[in-house]
There are 2 protein chains.
Amino acid sequence: MITIGELAKRANCTVPTIRYYESMGLMPEPQRRESGHRAYDRGDLSRLILIRRCRDFDMPLEKIKDLLEMEGNGKPCQETVAFFETQRSAIKARITALNELDFTLSLYVNRCQSSCMQTDNGCDIYEQMATDISHADKAVASAL
Amino acid sequence: MITIGELAKRANCTVPTIRYYESMGLMPEPQRRESGHRAYDRGDLSRLILIRRCRDFDMPLEKIKDLLEMEGNGKPCQETVAFFETQRSAIKARITALNELDFTLSLYVNRCQSSCMQTDNGCDIYEQMATDISHADKAVASAL
DNA sequence: TGTGCATCCTAAAGTAACTTTAGGTGCAAG
DNA sequence: CTTGCACCTAAAGTTACTTTAGGATGCACA
């Protein structure tokens, strides 16, 4: 049996986060020591790691709850796989959008470095940003 | 002069978002018609688009506010460029993390599709997720 | 045995960036 | 003239946490 602090360390999250998951019904109410301190076992750790992993995929807590409740009942695969495929699409779209943003940022930075930061002319980065509604925006808008 | 609905459409955001920005001091209090309806001009549109663009870069509203306040005072470049460089690093890290997540998801999906979804054996996706603490996790943990 | 100091407890409030709701006004078209 | 859409304000709700307040516990060290 391990403490909540240990559990947090091993699952790479904070102590209040674990208590929060408990209050939301994602983590079970654990056993307690005489002192009242929570005592967790290996199963709790697995469950918490699973939750964190799903959160890495931006799965909302409600969905994770559903998934965890499905866990016992035979064939969660169809639904889980479908959800994961959806997540993969979202991830790809997000990557595309981020690449576009990175490109746009590089333009701004380069322009500043080669122009206004050298010459003491005024900087027009704000005008650029406000007017530069490129194809990137549509990608971003639809992906996020 | 355009309505708030028009402005929202052109800046690709919602009407309440604009009112929210106003309440946060990012958008100025606009002129009003006799009816009390807000009336915006071209400058307001530029400003809003600039704000949205910064939000695309995940710049927090407070930072955007600072930037907008710097706008008049000569040389915002140094600070802005530094911020953008930081954002670019964050974006790159995020892309790396997302690629790892996508890869991990593809493993799960492939495994289900070639195994339990074919054979009616039980699905071990949850066990996989709970135990598979690969190198990806560290990347994710540090990038987000 | 005391005495710090980290860790634990609960309950409640705060955070970011919006969205949603409730209850009402203005305006153009049929 | 009434139907329906866009607008108004103020307040509460959302998600996934984090932070704070005010105590209790556990453990190493003198």
# chains A, B, ... in the order shown; residues from 1 in each chain; ligands from 1

call {"tool": "interface_residues", "arguments": {"of": "chain D", "to": "chain B", "cutoff": "8 Å", "atoms": "only C-alpha atoms (C1' of nucleotides)", "output": "MDAnalysis selection string"}}
result
chainID D and resid 6:8

call {"tool": "write_last_selection", "arguments": {"atoms": "C-alpha atoms (C1' of nucleotides)", "output": "compact mmCIF listing (two decimals), in the first residue's frame"}}
result
# COMPACT_ATOMS: atom_id res chain seq x y z
C1' DA D 6 -30.23 40.04 -33.69
C1' DC D 7 -29.20 42.66 -30.00
C1' DC D 8 -28.93 44.01 -24.79

call {"tool": "closest_atom_pairs", "arguments": {"of": "chain B", "to": "chain A", "cutoff": "6 Å", "atoms": "only C-alpha atoms", "output": "tab-separated table"}}
result
residue	atom	partner	partner_atom	distance
B:Ser46	CA	A:Ala130	CA	5.1
B:Ile49	CA	A:Ala130	CA	5.5
B:Leu50	CA	A:Ala130	CA	4.6
B:Val81	CA	A:Val109	CA	5.7
B:Arg88	CA	A:Asp102	CA	5.8
B:Ile95	CA	A:Ile95	CA	5.8
B:Asp102	CA	A:Arg88	CA	5.8
B:Val109	CA	A:Val81	CA	5.7
B:Met129	CA	A:Leu50	CA	5.7
B:Ala130	CA	A:Leu50	CA	4.6

call {"tool": "interface_residues", "arguments": {"of": "chain C", "to": "chain A", "cutoff": "9 Å", "atoms": "only C-alpha atoms (C1' of nucleotides)", "output": "MDAnalysis selection string"}}
result
chainID C and resid 7:9

call {"tool": "residues_around", "arguments": {"residues": "stretch 11-18 of chain D", "least_positions_apart": "5", "cutoff": "9 Å", "atoms": "only C-alpha atoms (C1' of nucleotides)", "output": "NGL selection string"}}
result
(:A and (16-17 or 20 or 60-61)) or (:C and (14-15 or 18-22))

call {"tool": "select_by_dssp", "arguments": {"residues": "stretch 1-140 of chain A", "states": "alpha helix (DSSP H)", "output": "number ranges by chain"}}
result
A: 4-11, 15-23, 42-56, 61-70, 77-114, 116-119, 125-131, 135-140

call {"tool": "residues_around", "arguments": {"residues": "C:DC5", "least_positions_apart": "6", "cutoff": "12 Å", "atoms": "only C-alpha atoms (C1' of nucleotides)", "output": "list in words"}}
result
DT25, DG26, DC27, DA28 and DC29 of chain D

call {"tool": "residues_around", "arguments": {"residues": "D:DA21", "least_positions_apart": "2", "cutoff": "12 Å", "atoms": "only C-alpha atoms (C1' of nucleotides)", "output": "NGL selection string"}}
result
(:C and (10-13)) or (:D and (19 or 23))
